[in-house]
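Below: structure19.pdb (PDB, C-alpha atoms)
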MODEL        1
ATOM      1  CA  VAL D1416     125.882 222.239 -16.627
ATOM      2  CA  TYR D1417     129.441 222.097 -15.297
ATOM      3  CA  MET D1418     129.810 218.460 -16.333
ATOM      4  CA  TYR D1419     128.366 219.131 -19.769
ATOM      5  CA  ALA D1420     130.637 222.153 -20.286
ATOM      6  CA  SER D1421     133.738 220.131 -19.388
ATOM      7  CA  GLN D1422     132.765 217.439 -21.896
ATOM      8  CA  LEU D1423     132.213 220.059 -24.587
ATOM      9  CA  ARG D1424     135.707 221.370 -23.922
ATOM     10  CA  LEU D1425     137.097 217.876 -24.494
ATOM     11  CA  ALA D1426     135.002 217.380 -27.637
ATOM     12  CA  SER D1427     136.212 220.657 -29.142
ATOM     13  CA  ALA D1428     139.677 219.158 -29.681
ATOM     14  CA  LEU D1429     138.281 216.261 -31.755
ATOM     15  CA  THR D1430     137.700 216.111 -35.460
ATOM     16  CA  HIS D1431     134.193 215.506 -36.763
ATOM     17  CA  GLY D1432     134.942 211.836 -37.376
ATOM     18  CA  GLU D1433     136.420 211.344 -33.915
ATOM     19  CA  LEU D1434     133.424 213.061 -32.351
ATOM     20  CA  MET D1435     130.963 210.824 -34.189
ATOM     21  CA  ASP D1436     132.931 207.744 -33.091
ATOM     22  CA  ALA D1437     132.835 208.922 -29.474
ATOM     23  CA  LEU D1438     129.065 209.428 -29.668
ATOM     24  CA  THR D1439     128.479 205.904 -31.003
ATOM     25  CA  ARG D1440     130.790 204.047 -28.587
ATOM     26  CA  ALA D1441     129.067 203.093 -25.354
ATOM     27  CA  GLU D1442     132.350 202.296 -23.599
ATOM     28  CA  ASP D1443     133.576 205.844 -24.121
ATOM     29  CA  HIS D1444     132.250 208.116 -21.370
ATOM     30  CA  LEU D1445     132.545 211.234 -23.545
ATOM     31  CA  GLY D1446     129.708 210.317 -25.907
ATOM     32  CA  PRO D1447     127.055 209.344 -23.321
ATOM     33  CA  LEU D1448     127.876 212.340 -21.141
ATOM     34  CA  LEU D1449     127.610 214.676 -24.112
ATOM     35  CA  VAL D1450     124.250 213.246 -25.144
ATOM     36  CA  LEU D1451     122.923 213.265 -21.584
ATOM     37  CA  GLY D1452     124.171 216.798 -20.986
ATOM     38  CA  TRP D1453     122.730 218.081 -24.249
ATOM     39  CA  LEU D1454     119.323 216.490 -23.590
ATOM     40  CA  TRP D1455     119.207 217.787 -20.015
ATOM     41  CA  THR D1456     120.309 221.353 -20.747
ATOM     42  CA  THR D1457     118.190 221.644 -23.901
ATOM     43  CA  GLY D1458     115.076 220.229 -22.267
ATOM     44  CA  HIS D1459     115.482 222.406 -19.204
ATOM     45  CA  ALA D1460     116.104 225.505 -21.335
ATOM     46  CA  LEU D1461     112.989 224.884 -23.425
ATOM     47  CA  TRP D1462     110.855 224.224 -20.340
ATOM     48  CA  VAL D1463     112.033 227.394 -18.610
ATOM     49  CA  LEU D1464     111.687 229.411 -21.813
ATOM     50  CA  VAL D1465     108.069 228.346 -22.266
ATOM     51  CA  ASP D1466     107.357 229.061 -18.598
ATOM     52  CA  GLU D1467     108.902 232.522 -18.907
ATOM     53  CA  MET D1468     106.838 233.294 -21.998
ATOM     54  CA  LEU D1469     103.646 232.278 -20.171
ATOM     55  CA  GLN D1470     104.635 234.385 -17.181
ATOM     56  CA  MET D1471     105.328 237.370 -19.422
ATOM     57  CA  ARG D1472     101.925 236.959 -21.036
ATOM     58  CA  ARG D1473     100.216 236.674 -17.664
ATOM     59  CA  ILE D1474     101.738 239.686 -15.878
ATOM     60  CA  GLY D1475     102.712 241.847 -18.839
ATOM     61  CA  ILE D1476     106.056 242.753 -20.357
ATOM     62  CA  ILE D1477     106.660 245.822 -18.178
ATOM     63  CA  ASP D1478     106.103 244.011 -14.886
ATOM     64  CA  TYR D1479     108.128 241.074 -16.172
ATOM     65  CA  ILE D1480     111.280 242.998 -17.076
ATOM     66  CA  THR D1481     111.225 245.024 -13.836
ATOM     67  CA  ASP D1482     112.065 241.828 -11.947
ATOM     68  CA  GLU D1483     115.796 241.150 -12.354
ATOM     69  CA  TRP D1484     115.308 237.441 -11.722
ATOM     70  CA  ASN D1485     112.971 237.159 -14.694
ATOM     71  CA  VAL D1486     115.486 238.905 -16.918
ATOM     72  CA  LEU D1487     118.231 236.581 -15.651
ATOM     73  CA  ASP D1488     116.099 233.503 -16.395
ATOM     74  CA  LEU D1489     115.198 234.713 -19.871
ATOM     75  CA  LEU D1490     118.782 235.599 -20.732
ATOM     76  CA  GLY D1491     120.171 232.329 -19.413
ATOM     77  CA  THR D1492     117.658 230.118 -21.209
ATOM     78  CA  THR D1493     118.077 232.054 -24.461
ATOM     79  CA  VAL D1494     121.855 231.650 -24.416
ATOM     80  CA  GLN D1495     121.525 227.967 -23.503
ATOM     81  CA  SER D1496     119.089 227.416 -26.377
ATOM     82  CA  LEU D1497     121.505 229.050 -28.821
ATOM     83  CA  ALA D1498     124.363 226.901 -27.541
ATOM     84  CA  SER D1499     122.261 223.736 -27.870
ATOM     85  CA  VAL D1500     121.278 224.581 -31.433
ATOM     86  CA  TYR D1501     124.887 225.317 -32.296
ATOM     87  CA  VAL D1502     126.077 221.990 -30.860
ATOM     88  CA  ALA D1503     123.364 220.077 -32.722
ATOM     89  CA  LEU D1504     124.331 221.717 -36.014
ATOM     90  CA  LEU D1505     127.992 220.903 -35.472
ATOM     91  CA  VAL D1506     127.314 217.261 -34.673
ATOM     92  CA  LEU D1507     124.767 216.728 -37.435
ATOM     93  CA  ALA D1508     126.697 218.696 -40.068
ATOM     94  CA  PRO D1509     128.358 216.609 -42.787
ATOM     95  CA  ALA D1510     132.084 216.057 -42.497
ATOM     96  CA  ASP D1511     132.888 218.235 -45.509
ATOM     97  CA  LEU D1512     130.916 221.150 -44.017
ATOM     98  CA  SER D1513     132.728 220.757 -40.716
ATOM     99  CA  ASP D1514     136.069 220.697 -42.539
ATOM    100  CA  ALA D1515     135.090 223.878 -44.362
ATOM    101  CA  PHE D1516     134.406 225.551 -41.027
ATOM    102  CA  ARG D1517     137.795 224.449 -39.777
ATOM    103  CA  ALA D1518     139.602 225.726 -42.877
ATOM    104  CA  TYR D1519     138.262 229.231 -42.294
ATOM    105  CA  SER D1520     138.904 229.258 -38.566
ATOM    106  CA  ILE D1521     140.989 232.257 -37.552
ATOM    107  CA  LEU D1522     142.308 230.285 -34.611
ATOM    108  CA  ARG D1523     143.614 227.593 -36.947
ATOM    109  CA  ILE D1524     145.539 230.112 -39.065
ATOM    110  CA  GLY D1525     147.191 231.432 -35.935
ATOM    111  CA  THR D1526     148.589 234.720 -37.274
ATOM    112  CA  LEU D1527     148.328 238.342 -36.246
ATOM    113  CA  ASP D1528     148.471 241.245 -38.652
ATOM    114  CA  HIS D1529     149.890 244.689 -37.972
ATOM    115  CA  THR D1530     146.698 245.742 -36.129
ATOM    116  CA  GLY D1531     147.133 242.973 -33.591
ATOM    117  CA  HIS D1532     144.065 241.026 -34.754
ATOM    118  CA  ALA D1533     143.766 237.541 -36.186
ATOM    119  CA  HIS D1534     142.405 237.459 -39.723
ATOM    120  CA  ILE D1535     141.484 235.087 -42.512
ATOM    121  CA  CYS D1536     141.953 235.648 -46.209
ATOM    122  CA  GLU D1537     139.064 236.675 -48.395
ATOM    123  CA  ASN D1538     138.023 234.129 -51.022
ATOM    124  CA  GLY D1539     140.445 231.590 -49.602
ATOM    125  CA  ARG D1540     143.545 233.368 -50.936
ATOM    126  CA  ALA D1541     145.875 232.066 -48.228
ATOM    127  CA  ASP D1542     149.278 230.712 -49.168
ATOM    128  CA  ALA D1543     150.789 227.456 -47.951
ATOM    129  CA  ARG D1544     151.721 229.010 -44.615
ATOM    130  CA  GLY D1545     148.179 230.279 -44.047
ATOM    131  CA  LEU D1546     149.198 233.911 -44.592
ATOM    132  CA  CYS D1547     147.271 236.438 -46.645
ATOM    133  CA  PRO D1548     149.109 238.137 -49.499
ATOM    134  CA  GLU D1549     149.634 241.893 -49.340
ATOM    135  CA  ARG D1550     149.278 241.896 -45.545
ATOM    136  CA  VAL D1551     151.918 242.849 -43.020
ATOM    137  CA  TYR D1552     152.330 240.348 -40.209
ATOM    138  CA  GLU D1553     154.185 240.628 -36.964
ATOM    139  CA  GLU D1554     156.422 237.842 -35.754
ATOM    140  CA  ILE D1555     154.874 235.970 -32.856
ATOM    141  CA  ASP D1556     156.400 233.266 -30.718
ATOM    142  CA  GLU D1557     153.330 231.037 -30.582
ATOM    143  CA  PRO D1558     150.169 230.752 -32.683
ATOM    144  CA  PHE D1559     146.847 232.156 -31.595
ATOM    145  CA  ALA D1560     145.807 229.431 -29.145
ATOM    146  CA  TYR D1561     143.126 228.584 -26.616
ATOM    147  CA  ASP D1562     144.443 226.702 -23.602
ATOM    148  CA  GLY D1563     147.405 225.443 -25.595
ATOM    149  CA  GLN D1564     145.295 223.941 -28.377
ATOM    150  CA  LEU D1565     144.239 225.312 -31.727
ATOM    151  CA  LEU D1566     140.443 225.279 -31.802
ATOM    152  CA  PRO D1567     138.087 225.629 -34.765
ATOM    153  CA  GLN D1568     136.074 228.814 -34.894
ATOM    154  CA  GLU D1569     132.734 227.032 -34.588
ATOM    155  CA  TRP D1570     133.774 225.309 -31.356
ATOM    156  CA  GLN D1571     135.132 228.555 -30.023
ATOM    157  CA  GLN D1572     131.651 230.086 -30.332
ATOM    158  CA  VAL D1573     130.070 227.091 -28.614
ATOM    159  CA  LEU D1574     132.488 227.332 -25.691
ATOM    160  CA  ASN D1575     131.930 231.076 -25.407
ATOM    161  CA  LEU D1576     128.167 230.564 -25.162
ATOM    162  CA  THR D1577     128.591 227.697 -22.710
ATOM    163  CA  SER D1578     130.863 229.735 -20.447
ATOM    164  CA  LEU D1579     128.225 232.467 -20.378
ATOM    165  CA  VAL D1580     125.574 229.872 -19.491
ATOM    166  CA  ILE D1581     127.683 228.729 -16.538
ATOM    167  CA  ILE D1582     127.876 232.273 -15.178
ATOM    168  CA  LEU D1583     124.141 232.926 -15.604
ATOM    169  CA  SER D1584     123.175 229.544 -14.146
ATOM    170  CA  SER D1585     125.399 230.092 -11.115
ATOM    171  CA  LEU D1586     123.867 233.525 -10.515
ATOM    172  CA  ARG D1587     120.472 231.831 -10.414
ATOM    173  CA  LEU D1588     121.508 230.183  -7.124
ATOM    174  CA  PHE D1589     121.187 233.563  -5.423
ATOM    175  CA  TYR D1590     117.431 233.422  -6.043
ATOM    176  CA  TYR D1591     117.108 230.339  -3.813
ATOM    177  CA  MET D1592     119.458 231.784  -1.188
ATOM    178  CA  ARG D1593     116.834 234.403  -0.389
ATOM    179  CA  GLY D1594     114.997 231.804   1.683
ATOM    180  CA  PHE D1595     117.748 231.838   4.319
ATOM    181  CA  GLN D1596     117.936 234.704   6.770
ATOM    182  CA  GLN D1597     121.602 235.638   6.514
ATOM    183  CA  LEU D1598     122.113 234.694   2.887
ATOM    184  CA  GLY D1599     118.858 236.381   1.905
ATOM    185  CA  ALA D1600     119.964 239.641   3.511
ATOM    186  CA  LEU D1601     123.238 239.546   1.569
ATOM    187  CA  VAL D1602     121.422 238.854  -1.698
ATOM    188  CA  GLN D1603     119.063 241.776  -1.077
ATOM    189  CA  MET D1604     122.042 244.028  -0.328
ATOM    190  CA  ILE D1605     123.803 243.038  -3.543
ATOM    191  CA  ALA D1606     120.661 243.585  -5.616
ATOM    192  CA  SER D1607     119.997 246.952  -3.974
ATOM    193  CA  ILE D1608     123.581 248.114  -4.520
ATOM    194  CA  LEU D1609     123.483 247.129  -8.196
ATOM    195  CA  ARG D1610     120.215 249.010  -8.706
ATOM    196  CA  ASP D1611     121.552 252.107  -6.962
ATOM    197  CA  MET D1612     124.709 251.978  -9.080
ATOM    198  CA  GLY D1613     122.774 252.596 -12.306
ATOM    199  CA  PRO D1614     123.207 256.414 -12.407
ATOM    200  CA  PHE D1615     126.800 256.051 -11.208
ATOM    201  CA  ILE D1616     127.623 253.677 -14.075
ATOM    202  CA  VAL D1617     126.247 256.183 -16.599
ATOM    203  CA  VAL D1618     128.459 258.940 -15.146
ATOM    204  CA  ALA D1619     131.494 256.638 -15.113
ATOM    205  CA  ILE D1620     130.959 255.622 -18.752
ATOM    206  CA  VAL D1621     130.701 259.262 -19.867
ATOM    207  CA  ILE D1622     133.905 260.204 -18.025
ATOM    208  CA  MET D1623     135.749 257.112 -19.252
ATOM    209  CA  PHE D1624     134.775 257.637 -22.883
ATOM    210  CA  SER D1625     135.465 261.381 -22.894
ATOM    211  CA  PHE D1626     138.973 261.026 -21.468
ATOM    212  CA  SER D1627     139.702 258.063 -23.752
ATOM    213  CA  PHE D1628     138.673 260.045 -26.804
ATOM    214  CA  ALA D1629     140.772 262.993 -25.608
ATOM    215  CA  LEU D1630     143.807 260.715 -25.324
ATOM    216  CA  THR D1631     143.117 259.366 -28.814
ATOM    217  CA  ILE D1632     143.016 262.710 -30.638
ATOM    218  CA  ALA D1633     145.977 264.178 -28.731
ATOM    219  CA  PRO D1634     149.093 264.420 -30.964
ATOM    220  CA  SER D1635     151.140 262.131 -28.699
ATOM    221  CA  GLY D1636     148.177 260.182 -27.346
ATOM    222  CA  VAL D1637     147.116 256.566 -27.559
ATOM    223  CA  ARG D1638     145.644 255.220 -30.773
ATOM    224  CA  PRO D1639     143.344 253.591 -31.767
ATOM    225  CA  LEU D1640     140.285 254.391 -29.636
ATOM    226  CA  ALA D1641     139.908 250.783 -28.491
ATOM    227  CA  ALA D1642     143.457 250.821 -27.093
ATOM    228  CA  SER D1643     142.777 254.138 -25.386
ATOM    229  CA  LEU D1644     139.588 252.768 -23.810
ATOM    230  CA  TRP D1645     141.452 249.711 -22.581
ATOM    231  CA  LEU D1646     144.208 251.862 -21.121
ATOM    232  CA  SER D1647     141.720 254.201 -19.446
ATOM    233  CA  MET D1648     139.788 251.306 -17.930
ATOM    234  CA  ASN D1649     142.947 249.775 -16.462
ATOM    235  CA  MET D1650     144.131 253.162 -15.220
ATOM    236  CA  GLY D1651     140.847 254.228 -13.650
ATOM    237  CA  LEU D1652     139.474 250.962 -12.272
ATOM    238  CA  TYR D1653     142.587 248.977 -11.418
ATOM    239  CA  GLY D1654     145.322 251.606 -11.157
ATOM    240  CA  GLU D1655     147.489 249.824 -13.738
ATOM    241  CA  VAL D1656     149.557 252.519 -15.412
ATOM    242  CA  ASP D1657     153.171 252.955 -16.468
ATOM    243  CA  GLY D1658     154.211 256.416 -15.342
ATOM    244  CA  ASN D1659     157.272 256.438 -17.594
ATOM    245  CA  ASP D1660     155.191 255.952 -20.730
ATOM    246  CA  LEU D1661     152.862 258.802 -19.762
ATOM    247  CA  PHE D1662     155.785 261.066 -18.879
ATOM    248  CA  HIS D1663     157.451 260.546 -22.261
ATOM    249  CA  ALA D1664     154.124 261.139 -24.032
ATOM    250  CA  GLY D1665     154.318 264.840 -23.244
ATOM    251  CA  ALA D1666     153.011 267.316 -20.701
ATOM    252  CA  TYR D1667     149.524 267.558 -22.222
ATOM    253  CA  VAL D1668     148.854 263.821 -22.301
ATOM    254  CA  THR D1669     150.343 263.442 -18.832
ATOM    255  CA  SER D1670     148.060 266.181 -17.494
ATOM    256  CA  ILE D1671     144.970 264.549 -19.015
ATOM    257  CA  ALA D1672     145.945 261.171 -17.577
ATOM    258  CA  GLN D1673     146.562 262.623 -14.116
ATOM    259  CA  LEU D1674     143.228 264.474 -14.170
ATOM    260  CA  PHE D1675     141.497 261.284 -15.240
ATOM    261  CA  MET D1676     143.132 259.270 -12.450
ATOM    262  CA  PHE D1677     142.158 261.903  -9.870
ATOM    263  CA  THR D1678     138.552 261.976 -11.099
ATOM    264  CA  VAL D1679     138.101 258.212 -11.089
ATOM    265  CA  GLN D1680     140.327 257.048  -8.247
ATOM    266  CA  ILE D1681     139.399 259.758  -5.738
ATOM    267  CA  VAL D1682     136.075 261.312  -6.715
ATOM    268  CA  LEU D1683     134.152 258.463  -8.357
ATOM    269  CA  LEU D1684     135.427 255.637  -6.173
ATOM    270  CA  ASN D1685     134.618 257.523  -2.971
ATOM    271  CA  LEU D1686     131.196 258.313  -4.409
ATOM    272  CA  LEU D1687     130.724 254.615  -5.129
ATOM    273  CA  ILE D1688     131.666 253.735  -1.548
ATOM    274  CA  ALA D1689     129.087 256.220  -0.268
ATOM    275  CA  ILE D1690     126.399 254.736  -2.538
ATOM    276  CA  MET D1691     127.186 251.211  -1.355
ATOM    277  CA  ALA D1692     127.179 252.247   2.304
ATOM    278  CA  ASP D1693     123.811 253.961   1.938
ATOM    279  CA  SER D1694     122.335 250.915   0.189
ATOM    280  CA  TYR D1695     123.739 248.630   2.886
ATOM    281  CA  ARG D1696     122.228 250.689   5.714
ATOM    282  CA  ARG D1697     118.850 250.841   3.973
ATOM    283  CA  VAL D1698     118.651 247.094   3.359
ATOM    284  CA  GLN D1699     119.923 246.308   6.867
ATOM    285  CA  ALA D1700     117.255 248.507   8.436
ATOM    286  CA  ARG D1701     114.565 246.833   6.339
ATOM    287  CA  THR D1702     115.882 243.390   7.298
ATOM    288  CA  LEU D1703     115.814 244.175  11.030
ATOM    289  CA  GLN D1704     112.206 245.335  10.744
TER     290      GLN D1704
ENDMDL
END

Structure encoded using structure tokens:
Amino acid sequence: VYMYASQLRLASALTHGELMDALTRAEDHLGPLLVLGWLWTTGHALWVLVDEMLQMRRIGIIDYITDEWNVLDLLGTTVQSLASVYVALLVLAPADLSDAFRAYSILRIGTLDHTGHAHICENGRADARGLCPERVYEEIDEPFAYDGQLLPQEWQQVLNLTSLVIILSSLRLFYYMRGFQQLGALVQMIASILRDMGPFIVVAIVIMFSFSFALTIAPSGVRPLAASLWLSMNMGLYGEVDGNDLFHAGAYVTSIAQLFMFTVQIVLLNLLIAIMADSYRRVQARTLQ
């Protein structure tokens, strides 16, 4: 999977014609590795997907989804199947269709509007610079780029799916680590802690969203809501906050931010530590038995 993902990253910088040439040249390692990787990952995903469907039919849906390893297998194979289908469509698509995808790629346009998002023009109404009429753009030093290269939108989606497959496939290794005494105990502890964190995550989400919305509707608060959520997440989870900005925002916004920091950094984080310690002691006692 890692080898295949690295070859996909290299192929994403090629045009459709260059990619087809690489696939047909035996002396070029990119083509054979792409074909071998696609066949291996697609075949394995289909085999696991069929096996998971049979297992779900045999034990029932409820018993199937209560096992986190089954859910991880199903999610990983589904994402891999989508990525394989996407790659096949890109390779087999005619050159003019691939060029049409590239023309409407928001990464290729490389501009940001006043909301801070990259956009394309409706009905292809872009001017020679790739800008949309009647839109306000901010000056940016560099275009919207991925790893220093402008990538088509279709390849961006393929790489996003592939990166998710890598994470899910790597997590699958923990399933086989359970056969070792020390590693198995650590895996059981991690799984137990994650299960026990369920109610805590619900409470944290409610507190995070409520304070974020309060900061959004405050007269001198942070807008839009997405920016307020991002700020609250960095403040509460990572402690990243500029005290000067909050101070100049006014006493009310500063008070809300300080109350939020106290609730998350002191109350919730200490509660999380207690939950993890209790889960650790419970799994350790079960392991010693």

**OP:** To verify the selection step, state as number ranges by chain which residues the PyMOL selection byres ((chain D and resi 1673-1687) around 12) yields on this input.
**Re:** D: 1608-1609, 1611-1630, 1646-1658, 1661-1662, 1666-1672, 1688-1694

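Across the chains present, the PyMOL selection byres ((chain D and resi 1573-1576) around 8) applied to this file returns Ala1420, Leu1423, Arg1424, Val1494, Gln1495, Leu1497, Ala1498, Tyr1501, Val1502, Glu1569, Trp1570, Gln1571, Gln1572, Thr1577, Ser1578, Leu1579 and Val1580 of chain D.
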
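When CA of Tyr1591 in chain D is paired with CA of Tyr1419 in chain D, their separation reads 22.5 Å.
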
Residue neighbourhood Gly1446 in chain D, 12 Å, only C-alpha atoms, exclusion window fewer than 4 positions, as a CSV table (one decimal) with C-alpha atoms, keeping the file's coordinate frame:
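The resulting file, out_3.csv, is reproduced below:
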chain,number,residue,atom,x,y,z
D,1419,TYR,CA,128.4,219.1,-19.8
D,1422,GLN,CA,132.8,217.4,-21.9
D,1423,LEU,CA,132.2,220.1,-24.6
D,1425,LEU,CA,137.1,217.9,-24.5
D,1426,ALA,CA,135.0,217.4,-27.6
D,1429,LEU,CA,138.3,216.3,-31.8
D,1433,GLU,CA,136.4,211.3,-33.9
D,1434,LEU,CA,133.4,213.1,-32.4
D,1435,MET,CA,131.0,210.8,-34.2
D,1436,ASP,CA,132.9,207.7,-33.1
D,1437,ALA,CA,132.8,208.9,-29.5
D,1438,LEU,CA,129.1,209.4,-29.7
D,1439,THR,CA,128.5,205.9,-31.0
D,1440,ARG,CA,130.8,204.0,-28.6
D,1441,ALA,CA,129.1,203.1,-25.4
D,1442,GLU,CA,132.4,202.3,-23.6
D,1450,VAL,CA,124.2,213.2,-25.1
D,1451,LEU,CA,122.9,213.3,-21.6
D,1452,GLY,CA,124.2,216.8,-21.0
D,1453,TRP,CA,122.7,218.1,-24.2
D,1506,VAL,CA,127.3,217.3,-34.7

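CA of Thr1457 in chain D sits 6.1 Å away from CA of Ser1499 in chain D.
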
Kindly complete range 1470-1485 of chain D to N, CA and C atoms; the output should be written as a PDB file, keeping the file's coordinate frame.
ATOM      1  N   GLN D1470     104.620 233.402 -18.264  1.00  0.00           N
ATOM      2  CA  GLN D1470     104.635 234.385 -17.181  1.00  0.00           C
ATOM      3  C   GLN D1470     104.614 235.810 -17.727  1.00  0.00           C
ATOM      4  N   MET D1471     105.339 236.048 -18.800  1.00  0.00           N
ATOM      5  CA  MET D1471     105.328 237.370 -19.422  1.00  0.00           C
ATOM      6  C   MET D1471     103.948 237.720 -19.965  1.00  0.00           C
ATOM      7  N   ARG D1472     103.273 236.728 -20.516  1.00  0.00           N
ATOM      8  CA  ARG D1472     101.925 236.959 -21.036  1.00  0.00           C
ATOM      9  C   ARG D1472     100.928 237.203 -19.909  1.00  0.00           C
ATOM     10  N   ARG D1473     101.149 236.566 -18.780  1.00  0.00           N
ATOM     11  CA  ARG D1473     100.216 236.674 -17.664  1.00  0.00           C
ATOM     12  C   ARG D1473     100.336 238.001 -16.928  1.00  0.00           C
ATOM     13  N   ILE D1474     101.559 238.467 -16.674  1.00  0.00           N
ATOM     14  CA  ILE D1474     101.738 239.686 -15.878  1.00  0.00           C
ATOM     15  C   ILE D1474     102.073 240.905 -16.715  1.00  0.00           C
ATOM     16  N   GLY D1475     102.367 240.719 -17.985  1.00  0.00           N
ATOM     17  CA  GLY D1475     102.712 241.847 -18.839  1.00  0.00           C
ATOM     18  C   GLY D1475     104.216 242.028 -18.971  1.00  0.00           C
ATOM     19  N   ILE D1476     104.626 242.616 -20.079  1.00  0.00           N
ATOM     20  CA  ILE D1476     106.056 242.753 -20.357  1.00  0.00           C
ATOM     21  C   ILE D1476     106.721 243.707 -19.374  1.00  0.00           C
ATOM     22  N   ILE D1477     106.048 244.820 -19.052  1.00  0.00           N
ATOM     23  CA  ILE D1477     106.660 245.822 -18.178  1.00  0.00           C
ATOM     24  C   ILE D1477     106.928 245.248 -16.792  1.00  0.00           C
ATOM     25  N   ASP D1478     105.915 244.608 -16.210  1.00  0.00           N
ATOM     26  CA  ASP D1478     106.103 244.011 -14.886  1.00  0.00           C
ATOM     27  C   ASP D1478     107.114 242.871 -14.919  1.00  0.00           C
ATOM     28  N   TYR D1479     107.193 242.202 -16.064  1.00  0.00           N
ATOM     29  CA  TYR D1479     108.128 241.074 -16.172  1.00  0.00           C
ATOM     30  C   TYR D1479     109.574 241.561 -16.159  1.00  0.00           C
ATOM     31  N   ILE D1480     109.889 242.565 -16.956  1.00  0.00           N
ATOM     32  CA  ILE D1480     111.280 242.998 -17.076  1.00  0.00           C
ATOM     33  C   ILE D1480     111.744 243.820 -15.875  1.00  0.00           C
ATOM     34  N   THR D1481     110.811 244.295 -15.038  1.00  0.00           N
ATOM     35  CA  THR D1481     111.225 245.024 -13.836  1.00  0.00           C
ATOM     36  C   THR D1481     111.754 244.101 -12.749  1.00  0.00           C
ATOM     37  N   ASP D1482     111.524 242.816 -12.888  1.00  0.00           N
ATOM     38  CA  ASP D1482     112.065 241.828 -11.947  1.00  0.00           C
ATOM     39  C   ASP D1482     113.368 241.296 -12.525  1.00  0.00           C
ATOM     40  N   GLU D1483     114.485 241.548 -11.831  1.00  0.00           N
ATOM     41  CA  GLU D1483     115.796 241.150 -12.354  1.00  0.00           C
ATOM     42  C   GLU D1483     115.944 239.641 -12.458  1.00  0.00           C
ATOM     43  N   TRP D1484     115.210 238.893 -11.643  1.00  0.00           N
ATOM     44  CA  TRP D1484     115.308 237.441 -11.722  1.00  0.00           C
ATOM     45  C   TRP D1484     114.658 236.916 -12.989  1.00  0.00           C
ATOM     46  N   ASN D1485     113.580 237.554 -13.424  1.00  0.00           N
ATOM     47  CA  ASN D1485     112.971 237.159 -14.694  1.00  0.00           C
ATOM     48  C   ASN D1485     113.895 237.430 -15.868  1.00  0.00           C
TER      49      ASN D1485
END
